[in-house]
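Following: one structure in structure tokens, then a few remarks.
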Amino acid sequence: MPNGAPGGRALPTERPMIARIWHGWTKSADAKAYQKLLRDEIFPSIAARNIEGYRGAELFVRKDGDEVEFVTLLRVDSMDAVREFAGPDASKPVIYPKAEALITRMKQARHYRVAIDNEL
């Protein structure tokens, strides 16, 4: 098999990557407003900071009883990039002022080494 993968596809290359994962909840009534805020203001403002090693953000959403859970995943090259984003306490949630009124509860952020990045 060329390139070591079925179908001749190249195997993903290994590069250091950290996934910063954060969970927060809103009331169901505030979910659309929070998602719009993330899409239109928060994620673009993170990208505009030009943090070295920032590779993008994803958003996952699910209904959770009377609330809606939001999971953000930021991809960065290193914990240095995480600290540039979050400050010296890397696990501290970064909450933008407009979002404070919409979030009912949250967890500390957690950081994971991306072991397999299987982009197609």
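In the structure tokens, the first chain shown is A, the next is B, and so on; residue numbers restart at 1 for each chain, and ligands run from 1 in the order shown.
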Produce a table with one row for each residue of stretch 21-83 of chain A that has an atom at most 10 Å from any atom of stretch 90-100 of chain A, each row naming the nearest atom pair and its distance in Å at one decimal; use only C-alpha atoms; arrange rows by chain and rising residue number; format as a tab-separated table.
residue	atom	partner	partner_atom	distance
A:Ile21	CA	A:Ser91	CA	9.5
A:Trp22	CA	A:Pro93	CA	7.3
A:His23	CA	A:Pro93	CA	9.1
A:Gly24	CA	A:Pro93	CA	9.4
A:Thr26	CA	A:Ala99	CA	9.7
A:Ala33	CA	A:Ala99	CA	9.3
A:Tyr34	CA	A:Ala99	CA	6.8
A:Gln35	CA	A:Ala99	CA	9.9
A:Leu37	CA	A:Ala99	CA	7.5
A:Leu38	CA	A:Ala99	CA	8.6
A:Glu41	CA	A:Tyr96	CA	9.6
A:Ile42	CA	A:Tyr96	CA	7.4
A:Met79	CA	A:Ala90	CA	8.0
A:Asp80	CA	A:Ala90	CA	9.2
A:Ala81	CA	A:Ala90	CA	9.7
A:Val82	CA	A:Ala90	CA	6.3
A:Arg83	CA	A:Ala90	CA	5.4
File dump, residues just selected, C-alpha atoms, as an mmCIF file, in the first residue's frame:
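And here is the file that came out, again-v2.cif:
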data_model
loop_
_atom_site.group_PDB
_atom_site.id
_atom_site.type_symbol
_atom_site.label_atom_id
_atom_site.label_comp_id
_atom_site.auth_asym_id
_atom_site.auth_seq_id
_atom_site.Cartn_x
_atom_site.Cartn_y
_atom_site.Cartn_z
ATOM 1 C CA ILE A 21 -11.880 21.637 26.119
ATOM 2 C CA TRP A 22 -14.343 23.684 28.149
ATOM 3 C CA HIS A 23 -17.944 22.946 29.172
ATOM 4 C CA GLY A 24 -20.513 25.621 29.922
ATOM 5 C CA THR A 26 -27.006 28.247 29.383
ATOM 6 C CA ALA A 33 -27.991 34.054 21.698
ATOM 7 C CA TYR A 34 -24.893 32.420 23.198
ATOM 8 C CA GLN A 35 -24.191 30.378 20.069
ATOM 9 C CA LEU A 37 -22.163 35.377 20.321
ATOM 10 C CA LEU A 38 -19.583 32.607 20.005
ATOM 11 C CA GLU A 41 -17.838 37.742 18.242
ATOM 12 C CA ILE A 42 -15.952 35.418 20.577
ATOM 13 C CA MET A 79 0.700 24.928 26.462
ATOM 14 C CA ASP A 80 2.525 28.227 25.898
ATOM 15 C CA ALA A 81 -0.220 29.122 23.401
ATOM 16 C CA VAL A 82 -2.840 28.072 25.971
ATOM 17 C CA ARG A 83 -1.274 30.373 28.574
#
Selected residue of minimal separation from A:Arg20 among A:Arg75, A:Lys36, A:Arg55, A:Arg105, counting only C-alpha atoms: A:Arg75
For A:Ala109, which residue out of A:Ala19, A:Arg62, A:Glu69, A:Phe43 is the nearest one, using only C-alpha atoms?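 For A:Ala109, the nearest of the given residues is A:Ala19.
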Record the distance separating atom CA of A:Lys63 and atom CA of A:Trp25, expressed in Å with one decimal. 9.5 Å
Step one, run DSSP on the backbone; step two, keep only residues of chain A assigned to strand (DSSP E); then write them as an NGL selection string. :A and (18-27 or 54-64 or 67-76 or 103-106 or 110-113)
Residues as selected, C-alpha atoms, written as a PDB file, in the first residue's frame, can you do that?
ATOM      1  CA  ILE A  18      -3.164  20.454  22.428  1.00  0.00           C
ATOM      2  CA  ALA A  19      -6.957  20.440  22.646  1.00  0.00           C
ATOM      3  CA  ARG A  20      -8.395  22.860  25.221  1.00  0.00           C
ATOM      4  CA  ILE A  21     -11.880  21.637  26.119  1.00  0.00           C
ATOM      5  CA  TRP A  22     -14.343  23.684  28.149  1.00  0.00           C
ATOM      6  CA  HIS A  23     -17.944  22.946  29.172  1.00  0.00           C
ATOM      7  CA  GLY A  24     -20.513  25.621  29.922  1.00  0.00           C
ATOM      8  CA  TRP A  25     -24.302  25.704  30.146  1.00  0.00           C
ATOM      9  CA  THR A  26     -27.006  28.247  29.383  1.00  0.00           C
ATOM     10  CA  LYS A  27     -30.733  28.314  29.951  1.00  0.00           C
ATOM     11  CA  TYR A  54      -3.610  28.858  17.614  1.00  0.00           C
ATOM     12  CA  ARG A  55      -5.179  26.451  15.110  1.00  0.00           C
ATOM     13  CA  GLY A  56      -8.903  27.125  15.421  1.00  0.00           C
ATOM     14  CA  ALA A  57     -11.997  26.411  17.469  1.00  0.00           C
ATOM     15  CA  GLU A  58     -14.970  24.083  17.312  1.00  0.00           C
ATOM     16  CA  LEU A  59     -18.290  24.177  19.105  1.00  0.00           C
ATOM     17  CA  PHE A  60     -20.412  21.230  20.210  1.00  0.00           C
ATOM     18  CA  VAL A  61     -23.946  21.755  21.544  1.00  0.00           C
ATOM     19  CA  ARG A  62     -26.516  19.466  23.165  1.00  0.00           C
ATOM     20  CA  LYS A  63     -29.792  19.819  25.034  1.00  0.00           C
ATOM     21  CA  ASP A  64     -29.310  18.895  28.703  1.00  0.00           C
ATOM     22  CA  GLU A  67     -30.280  23.799  29.868  1.00  0.00           C
ATOM     23  CA  VAL A  68     -28.099  23.606  26.789  1.00  0.00           C
ATOM     24  CA  GLU A  69     -24.518  22.403  27.150  1.00  0.00           C
ATOM     25  CA  PHE A  70     -21.802  24.057  25.096  1.00  0.00           C
ATOM     26  CA  VAL A  71     -18.429  22.402  24.637  1.00  0.00           C
ATOM     27  CA  THR A  72     -15.694  24.462  23.047  1.00  0.00           C
ATOM     28  CA  LEU A  73     -12.565  22.883  21.670  1.00  0.00           C
ATOM     29  CA  LEU A  74      -9.623  25.123  20.872  1.00  0.00           C
ATOM     30  CA  ARG A  75      -6.627  23.620  19.077  1.00  0.00           C
ATOM     31  CA  VAL A  76      -3.175  24.999  19.794  1.00  0.00           C
ATOM     32  CA  ILE A 103     -23.819  31.219  31.187  1.00  0.00           C
ATOM     33  CA  THR A 104     -25.519  29.503  34.116  1.00  0.00           C
ATOM     34  CA  ARG A 105     -22.612  27.239  35.103  1.00  0.00           C
ATOM     35  CA  MET A 106     -19.270  26.010  33.799  1.00  0.00           C
ATOM     36  CA  ARG A 110      -9.004  20.772  30.529  1.00  0.00           C
ATOM     37  CA  HIS A 111      -6.119  20.197  28.177  1.00  0.00           C
ATOM     38  CA  TYR A 112      -5.343  17.071  26.209  1.00  0.00           C
ATOM     39  CA  ARG A 113      -2.512  16.065  23.927  1.00  0.00           C
TER      40      ARG A 113
END
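Distance-wise, atom CA of A:Ala115 and atom CA of A:Gly53 end up 17.1 Å apart.
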Give the answer as one residue: which of A:Ile116, A:Ile51, A:Ala29, A:Ile46 has the shortest atom-to-atom distance to A:Ser78, using only C-alpha atoms?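 Of A:Ile116, A:Ile51, A:Ala29, A:Ile46, the one nearest A:Ser78, counting only C-alpha atoms, is A:Ile51.
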Which of stretch 15-118 of chain A counts as helix (DSSP H, G or I) under DSSP, as a PyMOL selection string please? chain A and resi 28-48+79-86+97-100
Would you compute the distance between atom CA of A:Ala48 and atom CA of A:Gln108? Give it in Å to one decimal.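 That distance, rounded to one decimal, is 23.6 Å.
Among the candidate residues A:Asn118, A:Ala101, A:Arg49, A:Ala31, the one lying nearest to A:Ala86 is A:Arg49, with distances computed using only C-alpha atoms.
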